[in-house]
Every structure is written in C-alpha cells, then in structure tokens.
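Colleague: Sharing final_16.txt below, compact mmCIF, N, CA and C atoms:
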```txt
# COMPACT_ATOMS: atom_id res chain seq x y z
N MET A 288 46.45 8.40 43.80
CA MET A 288 46.15 9.16 42.61
C MET A 288 45.56 10.51 43.03
N SER A 289 46.18 11.57 42.52
CA SER A 289 45.71 12.90 42.87
C SER A 289 45.06 13.56 41.66
N VAL A 290 44.05 14.34 41.93
CA VAL A 290 43.32 15.06 40.89
C VAL A 290 43.68 16.53 40.99
N THR A 291 44.12 17.11 39.88
CA THR A 291 44.46 18.52 39.86
C THR A 291 43.25 19.32 39.40
N ILE A 292 42.87 20.25 40.24
CA ILE A 292 41.73 21.11 39.90
C ILE A 292 42.29 22.40 39.32
N PRO A 293 41.87 22.77 38.10
CA PRO A 293 42.39 24.01 37.51
C PRO A 293 41.96 25.22 38.33
N ALA A 294 42.82 26.25 38.28
CA ALA A 294 42.51 27.49 38.99
C ALA A 294 41.32 28.17 38.33
N PRO A 295 40.56 28.92 39.13
CA PRO A 295 39.44 29.67 38.52
C PRO A 295 39.95 30.58 37.41
N ARG A 296 39.08 30.85 36.47
CA ARG A 296 39.47 31.61 35.28
C ARG A 296 40.13 32.94 35.62
N SER A 297 39.63 33.65 36.62
CA SER A 297 40.18 34.97 36.93
C SER A 297 41.61 34.88 37.47
N GLN A 298 42.02 33.74 37.98
CA GLN A 298 43.37 33.59 38.50
C GLN A 298 44.35 33.12 37.44
N ARG A 299 43.87 32.68 36.29
CA ARG A 299 44.75 32.21 35.23
C ARG A 299 45.26 33.32 34.34
N ILE A 300 44.68 34.51 34.42
CA ILE A 300 45.08 35.62 33.56
C ILE A 300 46.20 36.38 34.23
N ASP A 301 47.28 36.55 33.50
CA ASP A 301 48.42 37.30 34.02
C ASP A 301 47.99 38.73 34.32
N PRO A 302 48.35 39.27 35.48
CA PRO A 302 47.90 40.62 35.86
C PRO A 302 48.26 41.71 34.86
N LYS A 303 49.35 41.54 34.10
CA LYS A 303 49.72 42.59 33.15
C LYS A 303 48.73 42.72 32.00
N TYR A 304 47.88 41.69 31.81
CA TYR A 304 46.90 41.75 30.74
C TYR A 304 45.54 42.27 31.21
N LYS A 305 45.38 42.49 32.49
CA LYS A 305 44.13 43.03 33.01
C LYS A 305 44.15 44.54 32.85
N ARG A 306 43.11 45.09 32.26
CA ARG A 306 43.08 46.51 31.93
C ARG A 306 42.26 47.34 32.91
N GLY A 307 41.51 46.75 33.73
CA GLY A 307 40.69 47.52 34.65
C GLY A 307 39.38 46.81 34.91
N PRO A 308 38.50 47.48 35.61
CA PRO A 308 37.23 46.84 35.91
C PRO A 308 36.42 46.55 34.65
N LYS A 309 35.73 45.46 34.69
CA LYS A 309 34.90 45.09 33.54
C LYS A 309 33.70 46.02 33.46
N SER A 310 33.40 46.48 32.25
CA SER A 310 32.23 47.33 32.09
C SER A 310 31.04 46.45 31.74
N ARG A 311 29.89 46.95 32.01
CA ARG A 311 28.68 46.18 31.73
C ARG A 311 28.11 46.54 30.36
N SER A 312 28.79 47.41 29.61
CA SER A 312 28.27 47.79 28.30
C SER A 312 28.58 46.70 27.28
N SER A 313 27.85 46.72 26.22
CA SER A 313 28.05 45.72 25.17
C SER A 313 28.75 46.35 23.96
N PHE A 314 29.55 47.39 24.19
CA PHE A 314 30.19 48.10 23.09
C PHE A 314 31.09 47.17 22.27
N GLU A 315 31.91 46.37 22.93
CA GLU A 315 32.84 45.50 22.19
C GLU A 315 32.09 44.46 21.36
N MET A 316 30.99 43.96 21.88
CA MET A 316 30.20 43.00 21.11
C MET A 316 29.56 43.68 19.90
N LEU A 317 29.07 44.91 20.10
CA LEU A 317 28.50 45.66 18.97
C LEU A 317 29.57 46.03 17.95
N ALA A 318 30.78 46.36 18.41
CA ALA A 318 31.87 46.66 17.50
C ALA A 318 32.25 45.42 16.69
N TRP A 319 32.26 44.27 17.34
CA TRP A 319 32.57 43.00 16.66
C TRP A 319 31.50 42.72 15.60
N LEU A 320 30.24 42.90 15.96
CA LEU A 320 29.14 42.67 15.03
C LEU A 320 29.20 43.66 13.86
N PHE A 321 29.51 44.93 14.16
CA PHE A 321 29.64 45.94 13.11
C PHE A 321 30.71 45.54 12.10
N MET A 322 31.84 45.01 12.58
CA MET A 322 32.92 44.61 11.67
C MET A 322 32.43 43.55 10.69
N ARG A 323 31.68 42.59 11.17
CA ARG A 323 31.20 41.52 10.29
C ARG A 323 30.18 42.04 9.28
N LEU A 324 29.21 42.81 9.77
CA LEU A 324 28.16 43.30 8.88
C LEU A 324 28.68 44.33 7.89
N SER A 325 29.52 45.25 8.36
CA SER A 325 30.06 46.27 7.45
C SER A 325 30.99 45.63 6.43
N GLY A 326 31.68 44.56 6.81
CA GLY A 326 32.55 43.86 5.86
C GLY A 326 31.75 43.28 4.71
N VAL A 327 30.61 42.69 5.01
CA VAL A 327 29.75 42.12 3.96
C VAL A 327 29.21 43.22 3.06
N VAL A 328 28.72 44.31 3.65
CA VAL A 328 28.19 45.41 2.86
C VAL A 328 29.30 46.04 2.01
N LEU A 329 30.50 46.18 2.59
CA LEU A 329 31.62 46.75 1.85
C LEU A 329 32.00 45.90 0.64
N ILE A 330 31.92 44.60 0.77
CA ILE A 330 32.22 43.72 -0.38
C ILE A 330 31.27 44.03 -1.53
N VAL A 331 29.98 44.17 -1.23
CA VAL A 331 28.99 44.50 -2.26
C VAL A 331 29.28 45.88 -2.86
N LEU A 332 29.52 46.87 -1.99
CA LEU A 332 29.78 48.23 -2.48
C LEU A 332 31.04 48.30 -3.33
N ILE A 333 32.10 47.66 -2.89
CA ILE A 333 33.37 47.73 -3.61
C ILE A 333 33.29 47.01 -4.95
N PHE A 334 32.70 45.82 -4.96
CA PHE A 334 32.61 45.11 -6.24
C PHE A 334 31.65 45.81 -7.20
N GLY A 335 30.58 46.41 -6.68
CA GLY A 335 29.70 47.22 -7.54
C GLY A 335 30.45 48.40 -8.12
N HIS A 336 31.26 49.04 -7.30
CA HIS A 336 32.08 50.17 -7.75
C HIS A 336 33.08 49.73 -8.82
N LEU A 337 33.77 48.63 -8.58
CA LEU A 337 34.76 48.15 -9.55
C LEU A 337 34.12 47.72 -10.86
N ILE A 338 32.99 47.03 -10.76
CA ILE A 338 32.32 46.57 -11.99
C ILE A 338 31.83 47.76 -12.81
N SER A 339 31.22 48.74 -12.15
CA SER A 339 30.69 49.89 -12.90
C SER A 339 31.80 50.77 -13.48
N ASN A 340 32.95 50.82 -12.82
CA ASN A 340 34.02 51.70 -13.30
C ASN A 340 34.98 51.00 -14.25
N LEU A 341 35.23 49.71 -14.06
CA LEU A 341 36.30 49.08 -14.82
C LEU A 341 35.82 48.07 -15.87
N ILE A 342 34.65 47.48 -15.68
CA ILE A 342 34.22 46.44 -16.60
C ILE A 342 33.19 46.97 -17.59
N VAL A 343 32.22 47.72 -17.10
CA VAL A 343 31.16 48.26 -17.97
C VAL A 343 31.73 49.42 -18.78
N GLY A 344 31.39 49.49 -20.03
CA GLY A 344 31.86 50.59 -20.88
C GLY A 344 33.27 50.36 -21.39
N ASP A 345 34.07 51.42 -21.40
CA ASP A 345 35.42 51.34 -21.95
C ASP A 345 36.47 50.93 -20.94
N GLY A 346 36.06 50.54 -19.76
CA GLY A 346 37.01 50.07 -18.76
C GLY A 346 37.83 51.20 -18.17
N ILE A 347 39.04 50.89 -17.83
CA ILE A 347 39.91 51.86 -17.15
C ILE A 347 40.25 53.06 -18.03
N ASN A 348 40.21 52.89 -19.33
CA ASN A 348 40.53 54.00 -20.23
C ASN A 348 39.47 55.11 -20.21
N ALA A 349 38.27 54.79 -19.71
CA ALA A 349 37.19 55.78 -19.68
C ALA A 349 37.23 56.65 -18.42
N ILE A 350 38.02 56.25 -17.42
CA ILE A 350 38.03 56.99 -16.16
C ILE A 350 38.81 58.29 -16.34
N SER A 351 38.10 59.38 -16.11
CA SER A 351 38.68 60.71 -16.24
C SER A 351 37.88 61.66 -15.37
N PHE A 352 38.25 62.93 -15.38
CA PHE A 352 37.51 63.95 -14.65
C PHE A 352 36.05 63.97 -15.10
N GLY A 353 35.83 63.90 -16.40
CA GLY A 353 34.48 63.91 -16.94
C GLY A 353 33.66 62.69 -16.52
N PHE A 354 34.34 61.54 -16.42
CA PHE A 354 33.66 60.32 -15.99
C PHE A 354 33.16 60.47 -14.56
N VAL A 355 34.02 60.99 -13.68
CA VAL A 355 33.64 61.20 -12.28
C VAL A 355 32.54 62.27 -12.19
N ALA A 356 32.67 63.32 -12.98
CA ALA A 356 31.66 64.38 -12.97
C ALA A 356 30.30 63.83 -13.39
N GLY A 357 30.28 63.01 -14.43
CA GLY A 357 29.02 62.42 -14.87
C GLY A 357 28.45 61.45 -13.86
N LYS A 358 29.32 60.70 -13.22
CA LYS A 358 28.88 59.75 -12.23
C LYS A 358 28.29 60.45 -11.01
N TRP A 359 28.97 61.49 -10.53
CA TRP A 359 28.50 62.19 -9.33
C TRP A 359 27.36 63.16 -9.62
N ALA A 360 26.94 63.29 -10.87
CA ALA A 360 25.75 64.07 -11.17
C ALA A 360 24.50 63.29 -10.79
N ASP A 361 24.64 61.99 -10.61
CA ASP A 361 23.54 61.11 -10.23
C ASP A 361 23.55 60.90 -8.71
N PRO A 362 22.46 61.24 -8.01
CA PRO A 362 22.42 61.08 -6.55
C PRO A 362 22.63 59.64 -6.08
N ILE A 363 22.28 58.68 -6.90
CA ILE A 363 22.49 57.28 -6.51
C ILE A 363 23.98 57.00 -6.35
N TRP A 364 24.79 57.47 -7.30
CA TRP A 364 26.24 57.25 -7.20
C TRP A 364 26.87 58.07 -6.09
N GLN A 365 26.31 59.24 -5.83
CA GLN A 365 26.80 60.01 -4.69
C GLN A 365 26.57 59.23 -3.39
N PHE A 366 25.36 58.68 -3.22
CA PHE A 366 25.06 57.90 -2.04
C PHE A 366 25.94 56.65 -1.98
N TRP A 367 26.12 55.98 -3.13
CA TRP A 367 26.93 54.76 -3.18
C TRP A 367 28.35 55.05 -2.70
N ASP A 368 28.96 56.09 -3.26
CA ASP A 368 30.33 56.43 -2.88
C ASP A 368 30.41 56.94 -1.45
N LEU A 369 29.39 57.66 -1.00
CA LEU A 369 29.35 58.12 0.38
C LEU A 369 29.26 56.94 1.34
N ALA A 370 28.40 55.98 1.04
CA ALA A 370 28.27 54.79 1.89
C ALA A 370 29.58 54.02 1.92
N MET A 371 30.23 53.92 0.77
CA MET A 371 31.51 53.21 0.70
C MET A 371 32.56 53.93 1.54
N LEU A 372 32.63 55.25 1.43
CA LEU A 372 33.58 56.04 2.21
C LEU A 372 33.34 55.88 3.71
N TRP A 373 32.11 56.11 4.14
CA TRP A 373 31.80 56.05 5.57
C TRP A 373 32.02 54.65 6.13
N LEU A 374 31.53 53.63 5.45
CA LEU A 374 31.70 52.27 5.97
C LEU A 374 33.17 51.85 5.99
N ALA A 375 33.91 52.18 4.95
CA ALA A 375 35.32 51.82 4.91
C ALA A 375 36.10 52.52 6.03
N MET A 376 35.82 53.79 6.24
CA MET A 376 36.52 54.53 7.29
C MET A 376 36.15 54.02 8.68
N LEU A 377 34.87 53.78 8.92
CA LEU A 377 34.46 53.29 10.24
C LEU A 377 34.95 51.86 10.48
N HIS A 378 34.92 51.04 9.44
CA HIS A 378 35.41 49.67 9.53
C HIS A 378 36.91 49.66 9.84
N GLY A 379 37.66 50.46 9.10
CA GLY A 379 39.10 50.54 9.33
C GLY A 379 39.45 51.14 10.68
N THR A 380 38.72 52.16 11.08
CA THR A 380 38.97 52.79 12.38
C THR A 380 38.71 51.81 13.51
N ASN A 381 37.65 51.04 13.39
CA ASN A 381 37.36 50.05 14.42
C ASN A 381 38.46 48.98 14.48
N GLY A 382 38.97 48.58 13.34
CA GLY A 382 40.06 47.62 13.32
C GLY A 382 41.33 48.16 13.95
N VAL A 383 41.69 49.39 13.62
CA VAL A 383 42.88 50.01 14.20
C VAL A 383 42.69 50.25 15.69
N ARG A 384 41.47 50.61 16.11
CA ARG A 384 41.17 50.78 17.54
C ARG A 384 41.42 49.48 18.29
N THR A 385 41.01 48.37 17.70
CA THR A 385 41.24 47.06 18.33
C THR A 385 42.73 46.76 18.43
N ILE A 386 43.48 47.07 17.39
CA ILE A 386 44.93 46.85 17.41
C ILE A 386 45.59 47.71 18.49
N ILE A 387 45.16 48.97 18.60
CA ILE A 387 45.71 49.85 19.63
C ILE A 387 45.40 49.28 21.02
N ASN A 388 44.18 48.82 21.23
CA ASN A 388 43.82 48.23 22.52
C ASN A 388 44.65 46.99 22.83
N ASP A 389 44.98 46.22 21.81
CA ASP A 389 45.74 44.98 22.02
C ASP A 389 47.22 45.23 22.29
N TYR A 390 47.80 46.23 21.65
CA TYR A 390 49.26 46.37 21.69
C TYR A 390 49.79 47.54 22.50
N ALA A 391 49.00 48.57 22.75
CA ALA A 391 49.48 49.69 23.55
C ALA A 391 49.29 49.32 25.02
N GLU A 392 50.40 49.28 25.76
CA GLU A 392 50.34 48.80 27.13
C GLU A 392 49.88 49.86 28.12
N LYS A 393 50.35 51.09 27.96
CA LYS A 393 49.99 52.14 28.91
C LYS A 393 48.67 52.80 28.50
N HIS A 394 47.89 53.14 29.51
CA HIS A 394 46.60 53.79 29.25
C HIS A 394 46.78 55.12 28.52
N SER A 395 47.78 55.89 28.89
CA SER A 395 47.99 57.19 28.25
C SER A 395 48.37 57.03 26.78
N THR A 396 49.15 56.01 26.46
CA THR A 396 49.53 55.74 25.07
C THR A 396 48.29 55.37 24.26
N ARG A 397 47.46 54.49 24.84
CA ARG A 397 46.22 54.10 24.15
C ARG A 397 45.33 55.31 23.91
N ALA A 398 45.22 56.17 24.92
CA ALA A 398 44.35 57.35 24.79
C ALA A 398 44.85 58.28 23.69
N TRP A 399 46.15 58.53 23.64
CA TRP A 399 46.72 59.42 22.61
C TRP A 399 46.54 58.82 21.21
N LEU A 400 46.87 57.54 21.07
CA LEU A 400 46.77 56.91 19.75
C LEU A 400 45.33 56.89 19.26
N LYS A 401 44.40 56.56 20.14
CA LYS A 401 42.99 56.54 19.72
C LYS A 401 42.48 57.95 19.45
N GLY A 402 42.95 58.93 20.20
CA GLY A 402 42.57 60.31 19.93
C GLY A 402 43.02 60.76 18.55
N ILE A 403 44.27 60.45 18.21
CA ILE A 403 44.80 60.79 16.88
C ILE A 403 44.01 60.05 15.79
N LEU A 404 43.70 58.78 16.04
CA LEU A 404 42.92 57.98 15.09
C LEU A 404 41.55 58.59 14.86
N TYR A 405 40.86 58.97 15.92
CA TYR A 405 39.51 59.52 15.79
C TYR A 405 39.51 60.88 15.09
N VAL A 406 40.50 61.71 15.39
CA VAL A 406 40.58 63.02 14.73
C VAL A 406 40.83 62.82 13.23
N ALA A 407 41.76 61.92 12.88
CA ALA A 407 42.05 61.65 11.47
C ALA A 407 40.82 61.09 10.76
N THR A 408 40.10 60.21 11.42
CA THR A 408 38.90 59.62 10.81
C THR A 408 37.84 60.68 10.56
N ILE A 409 37.59 61.51 11.56
CA ILE A 409 36.58 62.57 11.40
C ILE A 409 36.99 63.52 10.28
N PHE A 410 38.26 63.88 10.22
CA PHE A 410 38.76 64.77 9.18
C PHE A 410 38.53 64.18 7.79
N ILE A 411 38.89 62.93 7.60
CA ILE A 411 38.77 62.30 6.29
C ILE A 411 37.30 62.11 5.91
N VAL A 412 36.45 61.71 6.86
CA VAL A 412 35.03 61.51 6.55
C VAL A 412 34.37 62.84 6.19
N VAL A 413 34.65 63.89 6.96
CA VAL A 413 34.06 65.20 6.66
C VAL A 413 34.56 65.72 5.32
N LEU A 414 35.86 65.64 5.09
CA LEU A 414 36.42 66.12 3.83
C LEU A 414 35.88 65.32 2.64
N GLY A 415 35.82 64.00 2.76
CA GLY A 415 35.29 63.16 1.68
C GLY A 415 33.83 63.44 1.39
N THR A 416 33.05 63.64 2.46
CA THR A 416 31.63 63.96 2.29
C THR A 416 31.46 65.30 1.58
N LEU A 417 32.26 66.29 1.98
CA LEU A 417 32.20 67.59 1.31
C LEU A 417 32.56 67.48 -0.16
N VAL A 418 33.58 66.71 -0.48
CA VAL A 418 33.99 66.55 -1.88
C VAL A 418 32.87 65.91 -2.69
N ILE A 419 32.24 64.88 -2.14
CA ILE A 419 31.18 64.19 -2.89
C ILE A 419 29.99 65.12 -3.16
N PHE A 420 29.61 65.92 -2.16
CA PHE A 420 28.39 66.72 -2.32
C PHE A 420 28.62 68.13 -2.85
N THR A 421 29.85 68.61 -2.86
CA THR A 421 30.11 69.95 -3.39
C THR A 421 30.93 69.91 -4.67
N PHE A 422 31.11 68.74 -5.23
CA PHE A 422 31.90 68.59 -6.45
C PHE A 422 31.23 69.37 -7.58
N ASP A 423 32.00 70.24 -8.22
CA ASP A 423 31.49 71.05 -9.33
C ASP A 423 32.29 70.73 -10.58
N PRO A 424 31.67 70.11 -11.57
CA PRO A 424 32.40 69.77 -12.78
C PRO A 424 32.69 70.96 -13.68
N CYS A 425 32.11 72.08 -13.37
CA CYS A 425 32.28 73.27 -14.23
C CYS A 425 33.49 74.08 -13.78
N VAL A 426 34.66 73.62 -14.17
CA VAL A 426 35.87 74.36 -13.87
C VAL A 426 36.02 75.49 -14.88
N ALA A 427 36.87 76.45 -14.58
CA ALA A 427 37.07 77.58 -15.48
C ALA A 427 37.50 77.10 -16.86
N GLY A 428 36.83 77.57 -17.88
CA GLY A 428 37.17 77.18 -19.26
C GLY A 428 36.59 75.86 -19.67
N SER A 429 35.66 75.30 -18.90
CA SER A 429 35.08 73.99 -19.22
C SER A 429 34.17 74.12 -20.44
N THR A 430 34.18 73.08 -21.27
CA THR A 430 33.32 73.04 -22.46
C THR A 430 32.16 72.06 -22.29
N LEU A 431 31.91 71.63 -21.06
CA LEU A 431 30.80 70.71 -20.81
C LEU A 431 29.49 71.40 -21.09
N PRO A 432 28.50 70.70 -21.64
CA PRO A 432 27.23 71.34 -22.00
C PRO A 432 26.46 71.89 -20.80
N GLN A 433 26.58 71.30 -19.62
CA GLN A 433 25.80 71.77 -18.48
C GLN A 433 26.43 72.99 -17.80
N CYS A 434 27.58 73.44 -18.24
CA CYS A 434 28.25 74.57 -17.57
C CYS A 434 27.79 75.88 -18.14
```
What is this structure when it is put down as structure tokens?

Modeller:
Amino acid sequence: MSVTIPAPRSQRIDPKYKRGPKSRSSFEMLAWLFMRLSGVVLIVLIFGHLISNLIVGDGINAISFGFVAGKWADPIWQFWDLAMLWLAMLHGTNGVRTIINDYAEKHSTRAWLKGILYVATIFIVVLGTLVIFTFDPCVAGSTLPQC
C-alpha cells in the first residue's frame, strides 16, 4: 500500500497564473473589505434615495428640474448624493479592477486597462462633485422665488 503525498501548494499552481513576487502589503485584503462595507452602505444610500424620490410625495410624477433644485438646496441631500456617487464609483472601479486583474493576461494590457479605468473614474467623480456643489437652479427666465 502506497501513500501519495500531495505536492506543496506552490508547486500545484500552473506557472501561467503566477503574476510575480508576492507583495507584503494588505491592499487586496483592504480592497475586499471595502467592497463588503461599501456595499452595505450603498444599499442604505440607494434605498433612502429611492424612497425619498419615488415613494414619498407624488412619486415619480414629482421628479423634475425643480424637484432636484429643491433637493440640492439642502446640504444634507447634497452630502447624501455625493456619498452615493463616490461610493458607487469607487465600489464599481474596485470591482472592474479585480476583473481586469483576473482576465487580462499581459502586464501591459492590465496596466492600460486600469489606467483608462482610473482616468474615467476620476473624471466622473470630479464632474459629478462639481455638478452637485455648483448646481444653480436659477436658469435664464426662471420664475423661482429664490432667483
């Protein structure tokens, strides 16, 4: 009777799946933890957003330019929407970064795809933040009382 001893763990991994030397940083663990925590916070933010916009008041029929203007006049809603924007973008970017790491085989391909992802994320976050904080409901010819 012979006993088969399994190969050490490092010898069982196909070389094509090895990406390089192991780093001692805990970035991937922190990214994994961020995904879980931001997902929970996003659920609260999104359902709060949906309830306040679609269920309270006149529902979907009340959503208009004036509705958004009135909502963003309150700093609490500005912060709420800003938190939702930032968390959703960072959560999604982290997920796409993981997909790129899993499926892009060449280092140069991974670098280009992640570079494009990060530039797009920064662009959308900066633009969204500017829209939230510089939104002016007083367009030309507006009849709103605060204009």

Colleague: So the first atom is CA of Ser313 (chain A) and the second is CA of Asn381 (chain A); what is the distance between them in Å, to one decimal place?

Modeller: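 Spanning CA of Ser313 (chain A) to CA of Asn381 (chain A) is a straight-line distance of 14.9 Å.
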
Colleague: Skip region 360-377 of chain A itself and residues of its chain fewer than 2 positions away, then list as a PyMOL selection string all residues within 9 Å of it, counting only C-alpha atoms.

Modeller: chain A and resi 322+325-326+328-329+332-333+336+355-358+379-382+408+411-412+415-416+419-420+422+424

Colleague: Looking at A:Ile409, A:Leu400, A:Leu414, A:Leu337, which one is nearest to Ile387 (chain A), with distances taken over all atoms listed in the file?

Modeller: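 When distances to Ile387 (chain A) are compared using all atoms listed in the file, the smallest one comes from A:Leu400.
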
Colleague: What is the distance, in Å and to one decimal place, between atom N of Val406 (chain A) and atom C of Tyr390 (chain A)?

Modeller: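 Taking atom N of Val406 (chain A) as the start and atom C of Tyr390 (chain A) as the end point, the length is 18.4 Å.
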
Colleague: Extract the full set of helix (DSSP H, G or I) residues from region 290-423 of chain A according to DSSP on the backbone, and format it as a count of residues only.

Modeller: 105

Colleague: Please indicate the distance in Å from CA of Asp389 (chain A) to CA of Ser312 (chain A), rounded to one decimal place.

Modeller: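 Those two atoms sit 18.8 Å apart.
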